[in-house]
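One file, upload-v7.pdb, is given below (PDB, C-alpha atoms and all ligand atoms).
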ATOM      1  CA  MET N 171     -12.885  38.586 -14.690
ATOM      2  CA  GLN N 172     -10.858  37.710 -11.612
ATOM      3  CA  LEU N 173      -9.145  34.370 -11.267
ATOM      4  CA  ILE N 174      -9.600  32.657  -7.895
ATOM      5  CA  ASP N 175      -6.125  31.484  -6.953
ATOM      6  CA  GLY N 176      -6.646  28.495  -4.672
ATOM      7  CA  LYS N 177      -2.974  27.607  -4.683
ATOM      8  CA  GLN N 178      -1.900  30.952  -3.285
ATOM      9  CA  THR N 179      -4.809  31.104  -0.812
ATOM     10  CA  ALA N 180      -4.080  27.594   0.442
ATOM     11  CA  ALA N 181      -0.379  28.421   0.876
ATOM     12  CA  ALA N 182      -1.288  31.510   2.914
ATOM     13  CA  ILE N 183      -3.668  29.521   5.138
ATOM     14  CA  LYS N 184      -1.135  26.739   5.670
ATOM     15  CA  ALA N 185       1.435  29.365   6.715
ATOM     16  CA  GLU N 186      -1.118  30.749   9.206
ATOM     17  CA  ILE N 187      -1.719  27.243  10.561
ATOM     18  CA  ALA N 188       2.037  26.570  10.864
ATOM     19  CA  LYS N 189       2.430  29.787  12.856
ATOM     20  CA  GLU N 190      -0.414  28.850  15.187
ATOM     21  CA  VAL N 191       1.025  25.354  15.650
ATOM     22  CA  GLU N 192       4.402  26.750  16.669
ATOM     23  CA  THR N 193       2.694  28.976  19.255
ATOM     24  CA  LEU N 194       0.730  25.993  20.590
ATOM     25  CA  VAL N 195       3.813  23.755  20.706
ATOM     26  CA  ASN N 196       5.770  26.481  22.507
ATOM     27  CA  SER N 197       3.017  26.614  25.104
ATOM     28  CA  GLY N 198       3.298  22.883  25.740
ATOM     29  CA  LEU N 199       0.779  21.247  23.345
ATOM     30  CA  ARG N 200       1.999  18.238  21.400
ATOM     31  CA  ARG N 201       1.958  18.588  17.623
ATOM     32  CA  PRO N 202      -1.402  17.866  15.950
ATOM     33  CA  CYS N 203      -1.392  14.413  14.368
ATOM     34  CA  LEU N 204      -3.322  13.171  11.327
ATOM     35  CA  ALA N 205      -3.570   9.447  10.602
ATOM     36  CA  ALA N 206      -4.338   8.505   6.985
ATOM     37  CA  ILE N 207      -5.284   5.041   5.797
ATOM     38  CA  LEU N 208      -4.722   4.186   2.138
ATOM     39  CA  VAL N 209      -5.969   0.935   0.660
ATOM     40  CA  GLY N 210      -4.573  -0.246  -2.692
ATOM     41  CA  HIS N 211      -2.640   1.659  -5.337
ATOM     42  CA  ASP N 212      -5.133   3.849  -7.212
ATOM     43  CA  GLY N 213      -3.101   6.649  -8.829
ATOM     44  CA  GLY N 214      -5.464   9.439  -7.782
ATOM     45  CA  SER N 215      -5.707   8.242  -4.186
ATOM     46  CA  GLU N 216      -1.915   7.826  -3.963
ATOM     47  CA  THR N 217      -1.455  11.424  -5.089
ATOM     48  CA  TYR N 218      -4.118  12.821  -2.755
ATOM     49  CA  VAL N 219      -2.721  11.008   0.279
ATOM     50  CA  ALA N 220       0.872  11.985  -0.561
ATOM     51  CA  ASN N 221      -0.266  15.624  -0.816
ATOM     52  CA  LYS N 222      -2.054  15.363   2.537
ATOM     53  CA  VAL N 223       1.088  13.992   4.200
ATOM     54  CA  LYS N 224       3.132  16.778   2.586
ATOM     55  CA  ALA N 225       0.653  19.411   3.807
ATOM     56  CA  CYS N 226       0.981  18.032   7.355
ATOM     57  CA  GLU N 227       4.727  18.687   7.189
ATOM     58  CA  VAL N 228       4.184  22.244   5.956
ATOM     59  CA  CYS N 229       1.747  22.893   8.825
ATOM     60  CA  GLY N 230       4.036  21.399  11.470
ATOM     61  CA  PHE N 231       1.748  18.406  12.077
ATOM     62  CA  LYS N 232       2.757  14.848  12.669
ATOM     63  CA  SER N 233       1.285  12.346  10.239
ATOM     64  CA  ILE N 234       0.879   8.597  10.234
ATOM     65  CA  LEU N 235       0.299   6.773   6.957
ATOM     66  CA  VAL N 236      -1.135   3.267   7.200
ATOM     67  CA  ARG N 237      -1.148   1.316   3.931
ATOM     68  CA  TYR N 238      -2.978  -1.855   2.997
ATOM     69  CA  GLU N 239      -3.158  -3.941  -0.142
ATOM     70  CA  GLU N 240      -6.495  -4.135  -2.037
ATOM     71  CA  THR N 241      -7.050  -7.529  -0.475
ATOM     72  CA  VAL N 242      -7.248  -6.300   3.128
ATOM     73  CA  SER N 243     -10.376  -7.550   4.896
ATOM     74  CA  GLU N 244     -13.052  -5.200   6.159
ATOM     75  CA  GLU N 245     -12.469  -6.580   9.635
ATOM     76  CA  GLU N 246      -8.766  -5.766   9.610
ATOM     77  CA  LEU N 247      -9.444  -2.250   8.368
ATOM     78  CA  LEU N 248     -12.132  -1.636  10.998
ATOM     79  CA  GLN N 249      -9.764  -2.932  13.666
ATOM     80  CA  LYS N 250      -7.133  -0.392  12.627
ATOM     81  CA  VAL N 251      -9.702   2.424  12.712
ATOM     82  CA  LYS N 252     -10.730   1.383  16.249
ATOM     83  CA  GLU N 253      -7.075   1.318  17.306
ATOM     84  CA  LEU N 254      -6.559   4.856  15.969
ATOM     85  CA  ASN N 255      -9.774   5.970  17.719
ATOM     86  CA  GLU N 256      -8.246   4.863  21.022
ATOM     87  CA  ASP N 257      -4.805   6.328  20.340
ATOM     88  CA  THR N 258      -4.557   9.542  22.359
ATOM     89  CA  GLY N 259      -1.649  10.660  20.175
ATOM     90  CA  VAL N 260      -3.904  10.822  17.092
ATOM     91  CA  ASP N 261      -6.211  13.815  16.571
ATOM     92  CA  GLY N 262      -7.642  13.178  13.108
ATOM     93  CA  ILE N 263      -8.333  10.039  11.082
ATOM     94  CA  ILE N 264      -9.044   9.780   7.365
ATOM     95  CA  VAL N 265      -9.609   6.690   5.258
ATOM     96  CA  GLN N 266      -9.029   7.582   1.618
ATOM     97  CA  LEU N 267     -12.011   6.756  -0.606
ATOM     98  CA  PRO N 268     -12.952   4.928  -2.741
ATOM     99  CA  LEU N 269     -12.395   1.562  -1.043
ATOM    100  CA  PRO N 270     -12.445  -1.869  -2.750
ATOM    101  CA  LYS N 271     -15.943  -3.236  -3.349
ATOM    102  CA  HIS N 272     -15.732  -5.903  -0.621
ATOM    103  CA  ILE N 273     -15.413  -3.193   2.051
ATOM    104  CA  SER N 274     -18.413  -1.132   3.165
ATOM    105  CA  GLU N 275     -17.380   2.528   3.004
ATOM    106  CA  GLN N 276     -20.307   3.470   5.196
ATOM    107  CA  LYS N 277     -19.280   0.994   7.883
ATOM    108  CA  VAL N 278     -15.735   2.370   7.833
ATOM    109  CA  ILE N 279     -16.947   5.983   8.019
ATOM    110  CA  GLU N 280     -19.265   5.191  10.922
ATOM    111  CA  THR N 281     -16.490   3.376  12.805
ATOM    112  CA  ILE N 282     -14.318   6.496  12.909
ATOM    113  CA  ASP N 283     -14.841   8.341  16.211
ATOM    114  CA  TYR N 284     -16.748  11.467  15.133
ATOM    115  CA  HIS N 285     -14.452  13.561  17.364
ATOM    116  CA  LYS N 286     -11.591  12.549  15.035
ATOM    117  CA  ASP N 287     -13.589  12.565  11.767
ATOM    118  CA  VAL N 288     -11.669  15.401  10.092
ATOM    119  CA  ASP N 289     -13.187  14.476   6.693
ATOM    120  CA  GLY N 290     -16.611  15.332   8.115
ATOM    121  CA  PHE N 291     -18.165  12.183   6.631
ATOM    122  CA  HIS N 292     -19.588  10.641   9.839
ATOM    123  CA  PRO N 293     -23.401  10.960  10.038
ATOM    124  CA  ILE N 294     -23.068  12.881  13.321
ATOM    125  CA  ASN N 295     -20.910  15.536  11.661
ATOM    126  CA  VAL N 296     -23.063  15.573   8.510
ATOM    127  CA  GLY N 297     -26.221  15.978  10.592
ATOM    128  CA  ARG N 298     -24.783  18.620  12.900
ATOM    129  CA  MET N 299     -23.473  20.601   9.936
ATOM    130  CA  ALA N 300     -26.888  20.385   8.247
ATOM    131  CA  ILE N 301     -28.632  22.008  11.215
ATOM    132  CA  GLY N 302     -25.932  24.609  11.749
ATOM    133  CA  LEU N 303     -24.212  23.128  14.820
ATOM    134  CA  PRO N 304     -20.423  23.100  15.189
ATOM    135  CA  ALA N 305     -19.120  20.105  13.218
ATOM    136  CA  PHE N 306     -16.291  18.909  11.046
ATOM    137  CA  VAL N 307     -17.249  20.029   7.547
ATOM    138  CA  SER N 308     -16.299  18.095   4.421
ATOM    139  CA  ALA N 309     -13.052  19.542   3.086
ATOM    140  CA  THR N 310     -13.995  20.618  -0.443
ATOM    141  CA  PRO N 311     -17.174  22.557   0.460
ATOM    142  CA  LYS N 312     -15.346  24.096   3.433
ATOM    143  CA  GLY N 313     -12.525  25.204   1.123
ATOM    144  CA  ILE N 314     -14.991  26.790  -1.306
ATOM    145  CA  MET N 315     -16.671  28.741   1.529
ATOM    146  CA  GLU N 316     -13.217  29.960   2.570
ATOM    147  CA  LEU N 317     -12.539  31.157  -0.989
ATOM    148  CA  PHE N 318     -15.793  33.156  -0.985
ATOM    149  CA  LYS N 319     -14.776  34.737   2.318
ATOM    150  CA  ARG N 320     -11.193  35.548   1.359
ATOM    151  CA  TYR N 321     -12.155  36.945  -2.059
ATOM    152  CA  GLY N 322     -15.008  38.994  -0.589
ATOM    153  CA  ILE N 323     -17.524  37.268  -2.862
ATOM    154  CA  ALA N 324     -21.047  38.060  -1.657
ATOM    155  CA  THR N 325     -23.338  35.044  -1.462
ATOM    156  CA  SER N 326     -26.271  36.316   0.649
ATOM    157  CA  GLY N 327     -29.481  36.454  -1.340
ATOM    158  CA  LYS N 328     -27.782  35.135  -4.485
ATOM    159  CA  THR N 329     -29.049  32.271  -6.580
ATOM    160  CA  CYS N 330     -26.589  29.394  -6.353
ATOM    161  CA  VAL N 331     -26.743  26.347  -8.609
ATOM    162  CA  VAL N 332     -24.860  23.293  -7.333
ATOM    163  CA  LEU N 333     -24.202  20.722 -10.051
ATOM    164  CA  GLY N 334     -23.888  17.270  -8.495
ATOM    165  CA  ARG N 335     -25.307  15.616  -5.370
ATOM    166  CA  SER N 336     -22.432  13.561  -3.965
ATOM    167  CA  ASN N 337     -22.136  13.089  -0.211
ATOM    168  CA  ILE N 338     -18.613  14.520  -0.325
ATOM    169  CA  VAL N 339     -19.257  17.726  -2.290
ATOM    170  CA  GLY N 340     -22.709  18.449  -3.751
ATOM    171  CA  LYS N 341     -24.911  17.803  -0.722
ATOM    172  CA  PRO N 342     -22.729  19.484   1.949
ATOM    173  CA  MET N 343     -22.067  22.375  -0.457
ATOM    174  CA  ALA N 344     -25.793  22.937  -0.915
ATOM    175  CA  GLN N 345     -26.315  22.838   2.876
ATOM    176  CA  LEU N 346     -23.588  25.389   3.548
ATOM    177  CA  MET N 347     -24.815  27.745   0.829
ATOM    178  CA  LEU N 348     -28.333  27.481   2.230
ATOM    179  CA  GLN N 349     -27.527  28.289   5.851
ATOM    180  CA  LYS N 350     -28.322  31.770   7.066
ATOM    181  CA  ASP N 351     -24.973  32.372   8.792
ATOM    182  CA  LYS N 352     -22.989  30.793   5.938
ATOM    183  CA  GLY N 353     -23.929  31.177   2.247
ATOM    184  CA  ASP N 354     -27.460  32.514   2.878
ATOM    185  CA  SER N 355     -28.194  31.830  -0.803
ATOM    186  CA  THR N 356     -31.168  30.457  -2.683
ATOM    187  CA  VAL N 357     -29.893  27.019  -3.618
ATOM    188  CA  ILE N 358     -30.770  24.817  -6.585
ATOM    189  CA  VAL N 359     -29.190  21.367  -6.793
ATOM    190  CA  CYS N 360     -29.020  19.827 -10.273
ATOM    191  CA  HIS N 361     -28.039  16.229 -10.999
ATOM    192  CA  SER N 362     -28.047  13.533 -13.655
ATOM    193  CA  HIS N 363     -31.848  13.444 -13.814
ATOM    194  CA  THR N 364     -32.503  17.186 -13.765
ATOM    195  CA  LYS N 365     -34.468  18.361 -16.793
ATOM    196  CA  ASP N 366     -33.023  21.378 -18.609
ATOM    197  CA  ILE N 367     -29.932  22.036 -16.466
ATOM    198  CA  LYS N 368     -29.077  24.887 -18.842
ATOM    199  CA  ALA N 369     -32.165  26.853 -17.816
ATOM    200  CA  PHE N 370     -31.277  26.556 -14.115
ATOM    201  CA  CYS N 371     -27.653  27.513 -14.739
ATOM    202  CA  ARG N 372     -28.610  30.598 -16.736
ATOM    203  CA  GLN N 373     -30.407  31.989 -13.656
ATOM    204  CA  ALA N 374     -27.429  31.437 -11.390
ATOM    205  CA  ASP N 375     -25.343  34.166  -9.781
ATOM    206  CA  ILE N 376     -23.037  31.389  -8.569
ATOM    207  CA  ILE N 377     -22.445  27.985 -10.184
ATOM    208  CA  ILE N 378     -20.567  25.301  -8.269
ATOM    209  CA  ALA N 379     -19.803  22.505 -10.733
ATOM    210  CA  ALA N 380     -19.108  19.144  -9.091
ATOM    211  CA  LEU N 381     -20.335  16.576 -11.599
ATOM    212  CA  GLY N 382     -17.060  15.050 -12.733
ATOM    213  CA  GLN N 383     -17.953  15.646 -16.392
ATOM    214  CA  PRO N 384     -15.156  17.432 -18.245
ATOM    215  CA  ASP N 385     -16.174  20.732 -19.916
ATOM    216  CA  PHE N 386     -19.851  20.303 -18.952
ATOM    217  CA  VAL N 387     -20.481  24.006 -18.242
ATOM    218  CA  THR N 388     -20.359  25.964 -21.479
ATOM    219  CA  ALA N 389     -20.705  29.704 -22.250
ATOM    220  CA  ASP N 390     -24.389  29.407 -23.170
ATOM    221  CA  MET N 391     -25.145  28.209 -19.615
ATOM    222  CA  VAL N 392     -23.592  31.186 -17.842
ATOM    223  CA  LYS N 393     -25.182  34.526 -16.961
ATOM    224  CA  PRO N 394     -22.740  37.403 -17.542
ATOM    225  CA  GLY N 395     -21.101  38.398 -14.249
ATOM    226  CA  ALA N 396     -21.653  34.990 -12.612
ATOM    227  CA  VAL N 397     -19.197  33.417 -10.155
ATOM    228  CA  ILE N 398     -18.003  29.994 -11.330
ATOM    229  CA  ILE N 399     -16.447  27.420  -9.013
ATOM    230  CA  ASP N 400     -15.040  24.361 -10.770
ATOM    231  CA  VAL N 401     -14.678  21.261  -8.586
ATOM    232  CA  GLY N 402     -14.022  18.819 -11.464
ATOM    233  CA  THR N 403     -10.735  16.920 -11.527
ATOM    234  CA  THR N 404     -11.162  14.285 -14.207
ATOM    235  CA  ARG N 405      -7.963  12.709 -15.481
ATOM    236  CA  VAL N 406      -7.954  13.100 -19.266
ATOM    237  CA  PRO N 407      -5.227  11.451 -21.417
ATOM    238  CA  ASP N 408      -2.793  14.112 -22.674
ATOM    239  CA  ALA N 409       0.385  13.101 -24.509
ATOM    240  CA  THR N 410       1.903  16.572 -24.000
ATOM    241  CA  LYS N 411       2.049  16.039 -20.222
ATOM    242  CA  LYS N 412       4.846  14.218 -18.405
ATOM    243  CA  LYS N 413       2.396  11.963 -16.580
ATOM    244  CA  GLY N 414       0.390  11.271 -19.758
ATOM    245  CA  PHE N 415      -2.769  12.966 -18.452
ATOM    246  CA  ARG N 416      -4.096  16.323 -17.362
ATOM    247  CA  LEU N 417      -6.711  17.285 -14.791
ATOM    248  CA  ASN N 418      -9.797  18.567 -16.571
ATOM    249  CA  GLY N 419     -12.433  20.647 -14.830
ATOM    250  CA  ASP N 420     -16.217  20.535 -15.275
ATOM    251  CA  VAL N 421     -16.147  23.994 -16.884
ATOM    252  CA  LYS N 422     -15.090  24.870 -20.422
ATOM    253  CA  PHE N 423     -12.729  27.466 -19.034
ATOM    254  CA  ASP N 424     -11.663  29.309 -22.204
ATOM    255  CA  GLU N 425     -15.170  30.225 -23.313
ATOM    256  CA  VAL N 426     -16.720  30.669 -19.843
ATOM    257  CA  ALA N 427     -13.965  32.736 -18.159
ATOM    258  CA  PRO N 428     -14.528  35.967 -20.165
ATOM    259  CA  LEU N 429     -18.172  36.039 -19.009
ATOM    260  CA  CYS N 430     -17.512  35.674 -15.277
ATOM    261  CA  SER N 431     -16.869  38.064 -12.420
ATOM    262  CA  TYR N 432     -14.818  35.330 -10.691
ATOM    263  CA  ILE N 433     -13.757  31.859 -11.807
ATOM    264  CA  SER N 434     -11.690  29.127 -10.171
ATOM    265  CA  PRO N 435      -9.343  27.304 -12.557
ATOM    266  CA  VAL N 436      -8.412  23.607 -12.709
ATOM    267  CA  PRO N 437      -5.781  22.917 -11.554
ATOM    268  CA  GLY N 438      -4.938  25.535  -8.910
ATOM    269  CA  GLY N 439      -8.457  26.466  -7.805
ATOM    270  CA  VAL N 440     -10.502  24.322  -5.452
ATOM    271  CA  GLY N 441      -8.036  21.392  -5.307
ATOM    272  CA  PRO N 442      -5.377  22.969  -3.077
ATOM    273  CA  MET N 443      -8.112  24.369  -0.800
ATOM    274  CA  THR N 444      -9.471  20.886  -0.100
ATOM    275  CA  ILE N 445      -6.245  19.750   1.529
ATOM    276  CA  CYS N 446      -5.963  23.040   3.341
ATOM    277  CA  SER N 447      -9.435  22.523   4.898
ATOM    278  CA  LEU N 448      -8.362  19.094   6.082
ATOM    279  CA  MET N 449      -5.438  20.757   7.849
ATOM    280  CA  GLN N 450      -7.811  23.304   9.450
ATOM    281  CA  ASN N 451     -10.040  20.460  10.619
ATOM    282  CA  THR N 452      -7.074  18.582  12.074
ATOM    283  CA  LEU N 453      -6.031  21.680  14.009
ATOM    284  CA  LEU N 454      -9.627  22.036  15.264
ATOM    285  CA  ALA N 455      -9.532  18.407  16.400
ATOM    286  CA  ALA N 456      -6.179  18.834  18.145
ATOM    287  CA  THR N 457      -7.289  21.954  19.982
ATOM    288  CA  HIS N 458     -10.758  20.544  20.809
ATOM    289  CA  LYS N 459     -12.365  23.677  19.404
ATOM    290  CA  LEU N 460     -15.517  21.905  18.157
ATOM    291  CA  TYR N 461     -16.049  19.231  20.760
ATOM    292  CA  LYS N 462     -14.749  19.837  24.266
TER     293      LYS N 462
HETATM  294  N1  LIG N 501     -11.810  10.659  -1.926
HETATM  295  C1  LIG N 501     -12.102  11.762  -2.662
HETATM  296  N2  LIG N 501     -12.172  12.855  -1.874
HETATM  297  C2  LIG N 501     -11.920  12.434  -0.619
HETATM  298  C3  LIG N 501     -11.840  13.110   0.632
HETATM  299  O1  LIG N 501     -12.050  14.327   0.756
HETATM  300  N3  LIG N 501     -11.535  12.330   1.703
HETATM  301  C4  LIG N 501     -11.334  10.991   1.610
HETATM  302  N4  LIG N 501     -11.075  10.313   2.718
HETATM  303  N5  LIG N 501     -11.400  10.336   0.458
HETATM  304  C5  LIG N 501     -11.688  11.065  -0.650
END
Turn this file's structure into structure tokens for me.
Amino acid sequence: MQLIDGKQTAAAIKAEIAKEVETLVNSGLRRPCLAAILVGHDGGSETYVANKVKACEVCGFKSILVRYEETVSEEELLQKVKELNEDTGVDGIIVQLPLPKHISEQKVIETIDYHKDVDGFHPINVGRMAIGLPAFVSATPKGIMELFKRYGIATSGKTCVVLGRSNIVGKPMAQLMLQKDKGDSTVIVCHSHTKDIKAFCRQADIIIAALGQPDFVTADMVKPGAVIIDVGTTRVPDATKKKGFRLNGDVKFDEVAPLCSYISPVPGGVGPMTICSLMQNTLLAATHKLYK
């Protein structure tokens, strides 16, 4: 069994980005700039956004953090997005999700200029990605594809089970694994209404677990030699931790790991790669590599 070290891989990629940025800056380009909007004080969102800002520093990017209270109106938020769209000093825009119930996430996503949509959530990017055109790709699935590449994990012709059908992970993951020049796998997507998930999982050469259900994937669901990617990051109360909780994956690691050829742990697997992909997307936006 080989552990997939997302932390180390992400650090290596960020160092590569930083090097490229210095070359670009030395040749006269201004530093790439990511603008992040955070609404409210959700602990998870605070941490994610702080880590994104930190990653910008490591990569030599500029970052702008715009904060609003929970009570901000949809109109005010949309106005800020439009302002950032027009700002020629801003390359990428993200609005951290989830948003308060009185704000339409879809409206916010569709207001972001798709040229600056480094989260890859805008329907134009989602659609282009789905038909194999250059597009900003959602950070977590992009990070997982990068792990397959860097670890030399073969995906072509393999049976891949994706657990979960969210717009952020499950659906784009399934699309990428399906595409001929990407995963080139046979893809099965399981969700909350799938009958006999175990039977599907047992056939899988690759399982990508993105359900948000701690310890869902157990040893009896895994074919020996399978590749297991754990996207789960549920906060579970844990008195032994300083913060009072731990991040729990969707895979029962201790019993599943001995069966696998490769497995990504939680934490330190997919998580760090997600932020790293966002940095790659921001660099793509700044250098106009996708859209001229
Ligand atoms: N909330 C959970 N994941 C994400 C993400 O990748 N981007 C944004 N903007 N919000 C999120």
May I ask you to write as a PDB file with C-alpha atoms, in the coordinates of the input all residues lying at most 6 Å from ligand LIG 501 (chain N), with all atoms listed in the file counted?
ATOM      1  CA  ILE N 264      -9.044   9.780   7.365  1.00  0.00           C
ATOM      2  CA  VAL N 265      -9.609   6.690   5.258  1.00  0.00           C
ATOM      3  CA  GLN N 266      -9.029   7.582   1.618  1.00  0.00           C
ATOM      4  CA  LEU N 267     -12.011   6.756  -0.606  1.00  0.00           C
ATOM      5  CA  PRO N 268     -12.952   4.928  -2.741  1.00  0.00           C
ATOM      6  CA  ASP N 289     -13.187  14.476   6.693  1.00  0.00           C
ATOM      7  CA  ALA N 309     -13.052  19.542   3.086  1.00  0.00           C
TER       8      ALA N 309
END
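We find atom CA of Leu454 of chain N and atom CA of Phe306 of chain N to be spaced 8.5 Å apart.
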Output as JSON lines one row per residue of segment 438-457 of chain N within 12 Å of segment 384-408 of chain N: the closest atom pair and its distance in Å to one decimal place, counting all atoms listed in the file, sorted by chain and residue number ascending.
{"residue": "N:Gly438", "atom": "CA", "partner": "N:Asp400", "partner_atom": "CA", "distance": 10.3}
{"residue": "N:Gly439", "atom": "CA", "partner": "N:Asp400", "partner_atom": "CA", "distance": 7.5}
{"residue": "N:Val440", "atom": "CA", "partner": "N:Val401", "partner_atom": "CA", "distance": 6.1}
{"residue": "N:Gly441", "atom": "CA", "partner": "N:Val401", "partner_atom": "CA", "distance": 7.4}
{"residue": "N:Pro442", "atom": "CA", "partner": "N:Val401", "partner_atom": "CA", "distance": 10.9}
{"residue": "N:Met443", "atom": "CA", "partner": "N:Val401", "partner_atom": "CA", "distance": 10.6}
{"residue": "N:Thr444", "atom": "CA", "partner": "N:Val401", "partner_atom": "CA", "distance": 10.0}
Inset, instruction - Write out as a PyMOL selection string each polymer residue whose atoms come within 12 Å of Gln249 of chain N, counting only C-alpha atoms; drop sequence neighbours fewer than 4 positions from it. - result: chain N and resi 242-245+253-256+277-278+281-282
Residues within 12 Å of Met299 of chain N, please, as a PDB file with C-alpha atoms, in the frame of the given file. Count all atoms listed in the file; anything in the same chain fewer than 3 positions from it doesn't count.
ATOM      1  CA  GLY N 290     -16.611  15.332   8.115  1.00  0.00           C
ATOM      2  CA  PHE N 291     -18.165  12.183   6.631  1.00  0.00           C
ATOM      3  CA  HIS N 292     -19.588  10.641   9.839  1.00  0.00           C
ATOM      4  CA  PRO N 293     -23.401  10.960  10.038  1.00  0.00           C
ATOM      5  CA  ILE N 294     -23.068  12.881  13.321  1.00  0.00           C
ATOM      6  CA  ASN N 295     -20.910  15.536  11.661  1.00  0.00           C
ATOM      7  CA  VAL N 296     -23.063  15.573   8.510  1.00  0.00           C
ATOM      8  CA  GLY N 302     -25.932  24.609  11.749  1.00  0.00           C
ATOM      9  CA  LEU N 303     -24.212  23.128  14.820  1.00  0.00           C
ATOM     10  CA  PRO N 304     -20.423  23.100  15.189  1.00  0.00           C
ATOM     11  CA  ALA N 305     -19.120  20.105  13.218  1.00  0.00           C
ATOM     12  CA  PHE N 306     -16.291  18.909  11.046  1.00  0.00           C
ATOM     13  CA  VAL N 307     -17.249  20.029   7.547  1.00  0.00           C
ATOM     14  CA  SER N 308     -16.299  18.095   4.421  1.00  0.00           C
ATOM     15  CA  PRO N 311     -17.174  22.557   0.460  1.00  0.00           C
ATOM     16  CA  LYS N 312     -15.346  24.096   3.433  1.00  0.00           C
ATOM     17  CA  LYS N 341     -24.911  17.803  -0.722  1.00  0.00           C
ATOM     18  CA  PRO N 342     -22.729  19.484   1.949  1.00  0.00           C
ATOM     19  CA  MET N 343     -22.067  22.375  -0.457  1.00  0.00           C
ATOM     20  CA  ALA N 344     -25.793  22.937  -0.915  1.00  0.00           C
ATOM     21  CA  GLN N 345     -26.315  22.838   2.876  1.00  0.00           C
ATOM     22  CA  LEU N 346     -23.588  25.389   3.548  1.00  0.00           C
ATOM     23  CA  MET N 347     -24.815  27.745   0.829  1.00  0.00           C
ATOM     24  CA  LEU N 348     -28.333  27.481   2.230  1.00  0.00           C
ATOM     25  CA  GLN N 349     -27.527  28.289   5.851  1.00  0.00           C
ATOM     26  CA  ASP N 351     -24.973  32.372   8.792  1.00  0.00           C
ATOM     27  CA  LYS N 352     -22.989  30.793   5.938  1.00  0.00           C
ATOM     28  CA  LEU N 460     -15.517  21.905  18.157  1.00  0.00           C
TER      29      LEU N 460
END
Please build the interface table for segment 270-369 of chain N against segment 176-182 of chain N with a cut-off of 9 Å, listing for each qualifying residue the nearest atom pair and the distance in Å to one decimal; count only C-alpha atoms, order rows by chain and increasing number, and write it as a Markdown table.
| residue | atom | partner | partner_atom | distance |
| --- | --- | --- | --- | --- |
| N:Gly313 | CA | N:Ala180 | CA | 8.8 |
| N:Leu317 | CA | N:Gly176 | CA | 7.4 |
| N:Arg320 | CA | N:Thr179 | CA | 8.1 |
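Here atom CA of Met449 of chain N is placed at a distance of 10.0 Å from atom CA of Cys203 of chain N.
Distance-wise, atom CA of Val288 of chain N and atom CA of Gly213 of chain N end up 22.5 Å apart.
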Inset, instruction - May I have the residues within 12 Å of Val228 of chain N as a ChimeraX atom specification, using all atoms listed in the file and disregarding those fewer than 3 positions away in the same chain? - result: /N:180-189,191-192,221-225,231-233,445-446,449
Inset, instruction - Compare N:Phe415, N:Tyr461, N:Tyr284, N:Phe318 by their minimum atom-to-atom distance to Lys252 of chain N, counting only C-alpha atoms, and give me the closest one. - result: N:Tyr284
Edge lengths and centre in Å, axis-aligned, segment 363-372 of chain N plus 6 Å each side, as JSON:
{"center_x": -31.1, "center_y": 22.0, "center_z": -16.3, "size_x": 18.8, "size_y": 29.2, "size_z": 17.1}
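In this comparison, which uses all atoms listed in the file, the residue of N:Asp420, N:Glu240, N:Asp257, N:Asp366 approaching His272 of chain N most closely is N:Glu240.
Distances to Thr325 of chain N were evaluated for N:Val251, N:Leu204, N:Ala374, N:Glu425 using all atoms listed in the file, and the minimum falls at N:Ala374.
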